[in-house]
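Pasted below: work38.txt, compact mmCIF, C-alpha atoms.
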# COMPACT_ATOMS: atom_id res chain seq x y z
CA MET A 1 -7.78 -0.17 1.52
CA HIS A 2 -10.60 -2.70 1.40
CA ASN A 3 -10.13 -6.00 -0.41
CA PRO A 4 -13.52 -7.65 -1.01
CA ALA A 5 -11.75 -10.96 -1.76
CA GLY A 6 -10.34 -11.28 1.77
CA ARG A 7 -7.03 -10.58 3.47
CA PRO A 8 -5.16 -8.37 3.53
CA SER A 9 -7.98 -5.89 3.90
CA PHE A 10 -8.42 -2.71 5.91
CA ALA A 11 -11.61 -0.93 6.89
CA GLU A 12 -11.86 2.83 7.21
CA ASP A 13 -11.51 2.78 11.01
CA ASP A 14 -8.61 0.31 11.21
CA LEU A 15 -5.25 1.43 12.57
CA ILE A 16 -1.95 0.92 10.79
CA PHE A 17 1.57 1.39 12.09
CA VAL A 18 4.18 2.49 9.59
CA ASP A 19 7.95 2.10 9.89
CA PRO A 20 9.68 4.87 7.91
CA SER A 21 13.06 3.15 8.19
CA ARG A 22 11.99 -0.17 6.66
CA LYS A 23 12.72 -0.80 2.98
CA ALA A 24 9.80 -1.90 0.80
CA GLU A 25 9.99 -5.47 -0.46
CA HIS A 26 7.79 -7.39 -2.89
CA LYS A 27 4.20 -7.44 -1.58
CA SER A 28 4.92 -4.99 1.27
CA LEU A 29 2.07 -2.67 2.17
CA VAL A 30 3.37 0.88 1.89
CA ILE A 31 2.45 4.52 2.31
CA VAL A 32 3.48 6.59 -0.70
CA ARG A 33 3.55 10.37 -1.11
CA HIS A 34 2.47 11.39 -4.59
CA ALA A 35 1.28 14.78 -5.87
CA GLY A 36 0.67 16.05 -2.34
CA GLN A 37 -1.42 13.03 -1.35
CA ALA A 38 -0.77 9.92 0.72
CA LEU A 39 -1.54 6.58 -0.93
CA PHE A 40 -1.89 3.23 0.83
CA ARG A 41 -0.88 0.50 -1.63
CA GLN A 42 0.87 -2.83 -2.03
CA TYR A 43 4.40 -2.61 -3.45
CA LEU A 44 5.16 -5.10 -6.22
CA ALA A 45 8.77 -5.59 -7.34
CA GLU A 46 8.35 -6.74 -10.94
CA PRO A 47 11.09 -7.47 -13.51
CA GLU A 48 9.87 -4.55 -15.63
CA GLY A 49 9.89 -2.15 -12.66
CA ALA A 50 8.19 -1.48 -9.34
CA MET A 51 4.41 -1.17 -9.27
CA LEU A 52 1.85 -0.05 -6.70
CA ALA A 53 -1.39 -2.01 -6.45
CA ALA A 54 -4.67 -1.18 -4.75
CA LEU A 55 -5.98 -4.27 -2.96
CA ASN A 56 -9.52 -3.71 -4.22
CA PRO A 57 -9.63 -5.19 -7.74
CA ALA A 58 -12.45 -2.78 -8.68
CA TRP A 59 -10.33 0.31 -7.87
CA PRO A 60 -9.76 2.56 -10.91
CA ASP A 61 -6.12 2.54 -12.01
CA ARG A 62 -5.50 -0.44 -9.71
CA LEU A 63 -1.87 -0.79 -10.87
CA VAL A 64 0.46 2.17 -11.31
CA ARG A 65 4.16 2.18 -12.04
CA VAL A 66 6.39 3.75 -9.37
CA ASP A 67 7.95 6.89 -10.84
CA ASP A 68 10.34 9.63 -9.72
CA GLY A 69 7.43 11.75 -8.45
CA MET A 70 6.56 9.14 -5.81
CA GLU A 71 8.20 8.71 -2.42
CA ILE A 72 7.72 5.60 -0.30
CA VAL A 73 7.51 7.09 3.19
CA GLY A 74 7.12 3.86 5.11
CA VAL A 75 6.20 0.19 5.27
CA VAL A 76 3.16 -1.01 7.21
CA ILE A 77 4.28 -3.22 10.11
CA PHE A 78 0.85 -3.66 11.79
CA GLY A 79 -2.73 -3.20 10.77
CA GLY A 80 -6.02 -4.01 12.40
CA TYR A 81 -9.02 -3.00 14.42
CA VAL A 82 -8.59 -1.83 17.99
CA PRO A 83 -11.88 -1.43 19.93
Whole structure, structure tokens version:
Amino acid sequence: MHNPAGRPSFAEDDLIFVDPSRKAEHKSLVIVRHAGQALFRQYLAEPEGAMLAALNPAWPDRLVRVDDGMEIVGVVIFGGYVP
């Protein structure tokens, strides 16, 4: 999930560690299961409901509302490049 504006940003070969027992909080980076696919997004707790945001502002459908068909499977607790 590359963010051309800076951090947080993740390249294709970066590693992430995900804690399935941690609860998502505002601005947490999360892995979400939706329609048989895994999504890597930022969780936004908004007054009108939870949203998922792609970090890249040019991503199509950058913001999507969390719905019943989505399952947050874990919160990212580490991310980075390991040579």
Near stretch 69-82 of chain A, counting all atoms listed in the file, which residues have an atom at most 10 Å away, once you skip same-chain residues fewer than 2 positions from it, shown as a compact mmCIF listing (two decimals) with C-alpha atoms, keeping the file's coordinate frame?
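The resulting file, out-v1.txt, is reproduced below:
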# COMPACT_ATOMS: atom_id res chain seq x y z
CA PRO A 8 -5.16 -8.37 3.53
CA SER A 9 -7.98 -5.89 3.90
CA PHE A 10 -8.42 -2.71 5.91
CA ALA A 11 -11.61 -0.93 6.89
CA GLU A 12 -11.86 2.83 7.21
CA ASP A 13 -11.51 2.78 11.01
CA ASP A 14 -8.61 0.31 11.21
CA LEU A 15 -5.25 1.43 12.57
CA ILE A 16 -1.95 0.92 10.79
CA PHE A 17 1.57 1.39 12.09
CA VAL A 18 4.18 2.49 9.59
CA ASP A 19 7.95 2.10 9.89
CA PRO A 20 9.68 4.87 7.91
CA SER A 21 13.06 3.15 8.19
CA ARG A 22 11.99 -0.17 6.66
CA LYS A 23 12.72 -0.80 2.98
CA ALA A 24 9.80 -1.90 0.80
CA GLU A 25 9.99 -5.47 -0.46
CA SER A 28 4.92 -4.99 1.27
CA LEU A 29 2.07 -2.67 2.17
CA VAL A 30 3.37 0.88 1.89
CA ILE A 31 2.45 4.52 2.31
CA VAL A 32 3.48 6.59 -0.70
CA ARG A 33 3.55 10.37 -1.11
CA HIS A 34 2.47 11.39 -4.59
CA ALA A 35 1.28 14.78 -5.87
CA GLY A 36 0.67 16.05 -2.34
CA GLN A 37 -1.42 13.03 -1.35
CA ALA A 38 -0.77 9.92 0.72
CA LEU A 39 -1.54 6.58 -0.93
CA PHE A 40 -1.89 3.23 0.83
CA ARG A 41 -0.88 0.50 -1.63
CA GLN A 42 0.87 -2.83 -2.03
CA TYR A 43 4.40 -2.61 -3.45
CA ARG A 65 4.16 2.18 -12.04
CA VAL A 66 6.39 3.75 -9.37
CA ASP A 67 7.95 6.89 -10.84
- Note on the structure: From atom CA of A:Asp61 to atom CA of A:Ala45 the spacing works out at 17.6 Å
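Note that atom CA of A:Leu63 and atom CA of A:Glu48 are 13.2 Å apart.
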- Query: Separation of atom CA of A:Ala50 and atom CA of A:His26, in Å?
  - Reply: 8.8 Å
